[in-house]
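Read through the structure below, which is laid out as C-alpha coordinates, and then see the notes.
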Amino acid sequence: MMFDRRHLLRASGAAAAGALGAAALSTPATAAGPARLPADSDPTAGVTRTLLQEHPSPADGWEAVQTLVRIPRHKESGRHSHPGIEVGYIIRGDVLMEFDDRPPLRLRTGDPFFIPDGAIHNARNVGTVTTMMLSTYVVDATKPLVTTY
(Lines give C-alpha, C1' and ligand atoms only; values in the text may rest on other atoms or scores of the structure.)
Protein backbone atom coordinates (compact mmCIF):
# COMPACT_ATOMS: atom_id res chain seq x y z
CA MET A 1 0.00 0.00 0.00
CA MET A 2 1.34 3.48 -0.84
CA PHE A 3 0.62 6.88 0.68
CA ASP A 4 1.20 10.42 -0.51
CA ARG A 5 3.75 12.08 1.78
CA ARG A 6 1.86 15.37 1.92
CA HIS A 7 -1.36 13.67 3.08
CA LEU A 8 0.48 11.37 5.44
CA LEU A 9 2.71 13.95 7.09
CA ARG A 10 0.41 16.94 7.13
CA ALA A 11 -2.78 15.27 8.35
CA SER A 12 -3.94 16.70 11.68
CA GLY A 13 -1.58 19.64 11.44
CA ALA A 14 1.98 18.39 11.18
CA ALA A 15 1.51 15.06 12.96
CA ALA A 16 -0.14 11.95 11.60
CA ALA A 17 -0.80 9.12 14.04
CA GLY A 18 0.74 5.92 12.88
CA ALA A 19 2.44 7.49 9.91
CA LEU A 20 4.85 4.61 9.57
CA GLY A 21 2.14 2.06 9.32
CA ALA A 22 -0.84 2.33 11.63
CA ALA A 23 -2.87 4.26 9.08
CA ALA A 24 -1.74 1.87 6.38
CA LEU A 25 -2.83 -1.15 8.39
CA SER A 26 -6.34 0.00 9.23
CA THR A 27 -9.03 -1.98 7.45
CA PRO A 28 -11.24 -0.12 4.94
CA ALA A 29 -14.85 0.55 5.96
CA THR A 30 -17.43 -2.02 4.94
CA ALA A 31 -21.22 -1.92 4.86
CA ALA A 32 -21.24 -2.99 8.52
CA GLY A 33 -18.71 -0.29 9.43
CA PRO A 34 -14.93 -0.33 9.78
CA ALA A 35 -13.19 -3.37 11.22
CA ARG A 36 -10.84 -2.42 14.06
CA LEU A 37 -8.21 -4.15 16.11
CA PRO A 38 -8.19 -3.42 19.85
CA ALA A 39 -5.57 -0.67 20.42
CA ASP A 40 -3.27 -2.93 22.43
CA SER A 41 -3.33 -5.69 19.79
CA ASP A 42 -2.30 -3.34 16.95
CA PRO A 43 1.53 -3.40 16.92
CA THR A 44 1.67 0.04 15.28
CA ALA A 45 -0.88 1.82 17.53
CA GLY A 46 0.40 5.17 18.75
CA VAL A 47 3.30 5.45 16.30
CA THR A 48 3.55 9.06 15.06
CA ARG A 49 5.68 11.05 12.67
CA THR A 50 5.93 14.84 12.88
CA LEU A 51 7.09 16.70 9.79
CA LEU A 52 9.94 19.03 10.78
CA GLN A 53 10.97 20.28 7.36
CA GLU A 54 10.71 19.54 3.66
CA HIS A 55 12.92 21.08 0.94
CA PRO A 56 13.74 20.48 -2.72
CA SER A 57 17.01 18.62 -3.20
CA PRO A 58 19.75 19.97 -5.48
CA ALA A 59 19.02 16.91 -7.68
CA ASP A 60 16.01 17.45 -9.96
CA GLY A 61 12.95 15.46 -8.90
CA TRP A 62 14.24 14.71 -5.39
CA GLU A 63 13.51 16.27 -2.03
CA ALA A 64 14.76 16.17 1.55
CA VAL A 65 12.18 15.44 4.24
CA GLN A 66 12.94 15.43 7.97
CA THR A 67 10.65 13.93 10.61
CA LEU A 68 10.55 13.15 14.30
CA VAL A 69 9.27 9.59 14.76
CA ARG A 70 7.83 8.40 18.08
CA ILE A 71 7.30 4.69 18.76
CA PRO A 72 5.66 3.77 22.10
CA ARG A 73 6.96 0.89 24.25
CA HIS A 74 6.28 -2.54 22.78
CA LYS A 75 5.15 -1.05 19.45
CA GLU A 76 6.69 -0.99 15.97
CA SER A 77 6.59 1.02 12.78
CA GLY A 78 5.37 -1.85 10.60
CA ARG A 79 7.20 -3.19 7.55
CA HIS A 80 7.72 -0.40 5.03
CA SER A 81 10.15 1.17 2.55
CA HIS A 82 11.01 4.61 1.15
CA PRO A 83 11.79 5.73 -2.43
CA GLY A 84 15.26 6.93 -1.44
CA ILE A 85 17.62 6.83 1.52
CA GLU A 86 16.86 7.36 5.21
CA VAL A 87 19.55 8.74 7.51
CA GLY A 88 18.57 8.69 11.16
CA TYR A 89 19.56 9.19 14.78
CA ILE A 90 18.08 7.63 17.92
CA ILE A 91 17.30 10.56 20.22
CA ARG A 92 15.89 8.34 22.96
CA GLY A 93 15.13 4.67 23.41
CA ASP A 94 16.12 1.25 22.14
CA VAL A 95 15.13 -0.06 18.72
CA LEU A 96 15.58 -3.31 16.88
CA MET A 97 15.71 -2.27 13.21
CA GLU A 98 14.60 -5.35 11.28
CA PHE A 99 15.26 -5.83 7.55
CA ASP A 100 13.92 -8.30 4.99
CA ASP A 101 17.34 -8.78 3.40
CA ARG A 102 19.94 -8.46 6.18
CA PRO A 103 20.45 -9.07 9.90
CA PRO A 104 18.67 -6.71 12.33
CA LEU A 105 20.47 -3.76 13.94
CA ARG A 106 20.16 -3.03 17.67
CA LEU A 107 20.11 0.75 18.07
CA ARG A 108 20.27 2.69 21.34
CA THR A 109 20.10 6.34 22.40
CA GLY A 110 22.77 8.25 20.49
CA ASP A 111 23.17 5.73 17.65
CA PRO A 112 22.99 6.84 14.00
CA PHE A 113 21.52 4.61 11.29
CA PHE A 114 21.29 4.44 7.51
CA ILE A 115 18.63 2.67 5.46
CA PRO A 116 19.28 2.19 1.73
CA ASP A 117 16.85 3.11 -1.02
CA GLY A 118 13.91 0.69 -1.15
CA ALA A 119 15.04 -1.49 1.79
CA ILE A 120 12.04 -3.03 3.55
CA HIS A 121 12.42 -2.46 7.28
CA ASN A 122 10.57 -2.31 10.60
CA ALA A 123 11.58 -0.31 13.69
CA ARG A 124 10.57 -2.27 16.82
CA ASN A 125 10.75 -0.49 20.21
CA VAL A 126 12.50 -2.99 22.51
CA GLY A 127 13.18 -0.51 25.32
CA THR A 128 11.36 0.83 28.35
CA VAL A 129 10.46 4.32 27.07
CA THR A 130 8.85 5.82 23.97
CA THR A 131 11.53 5.79 21.30
CA MET A 132 12.23 9.06 19.52
CA MET A 133 14.08 8.99 16.19
CA LEU A 134 15.13 11.86 13.95
CA SER A 135 14.79 10.61 10.36
CA THR A 136 15.92 12.48 7.27
CA TYR A 137 14.93 11.16 3.87
CA VAL A 138 16.30 12.05 0.44
CA VAL A 139 13.58 10.69 -1.79
CA ASP A 140 12.05 10.75 -5.24
CA ALA A 141 9.55 13.61 -5.01
CA THR A 142 7.17 11.91 -7.45
CA LYS A 143 6.64 8.85 -5.23
CA PRO A 144 4.93 8.35 -1.87
CA LEU A 145 7.28 8.71 1.11
CA VAL A 146 6.13 5.43 2.68
CA THR A 147 5.07 2.15 1.10
CA THR A 148 3.78 -0.39 3.64
CA TYR A 149 3.82 -4.18 3.32
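Ligands are numbered from 1 in the order shown, chains are lettered A, B, ... in the order of the C-alpha coordinates, and residues start at 1 in each chain.
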
Write out as CSV a residue-level contact list of region 43-75 of chain A versus region 85-97 of chain A with cut-off 10 Å: for each qualifying residue the closest pair of atoms and the distance in Å to one decimal, counting only C-alpha atoms, rows sorted by chain and residue number upward.
```
residue,atom,partner,partner_atom,distance
A:Ala64,CA,A:Ile85,CA,9.8
A:Val65,CA,A:Glu86,CA,9.4
A:Gln66,CA,A:Gly88,CA,9.3
A:Thr67,CA,A:Gly88,CA,9.5
A:Leu68,CA,A:Ile91,CA,9.3
A:Val69,CA,A:Ile90,CA,9.6
A:Arg70,CA,A:Arg92,CA,9.4
A:Ile71,CA,A:Gly93,CA,9.1
A:Pro72,CA,A:Gly93,CA,9.6
A:Arg73,CA,A:Gly93,CA,9.0
```

- Query: Nearest to Gly110 (chain A) among A:Leu52, A:Leu145, A:Ala123, A:Met133, with distances taken over only C-alpha atoms: which residue is it?
  - Reply: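 Nearest to Gly110 (chain A): A:Met133.
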
- Between A:Lys75, A:His82, A:Arg102, A:His121, which one has atoms that come closest to Thr48 (chain A), using only C-alpha atoms?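 Of A:Lys75, A:His82, A:Arg102, A:His121, the one nearest Thr48 (chain A) is A:Lys75, counting only C-alpha atoms.
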
- A:Leu51, A:Ala59, A:Ala45, A:Val146: which is nearest Gly118 (chain A), counting only C-alpha atoms?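 Among the listed residues, A:Val146 lies closest to Gly118 (chain A).
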
- Interatomic distance, CA of Gly84 (chain A) to CA of Arg108 (chain A) (Å, one decimal):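 Straight-line distance from CA of Gly84 (chain A) to CA of Arg108 (chain A) works out to 23.7 Å.
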
- Work out how far CA of Thr147 (chain A) is from CA of Ser81 (chain A), in Å to one decimal.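 Interatomic distance, CA of Ser81 (chain A) to CA of Thr147 (chain A): 5.4 Å.
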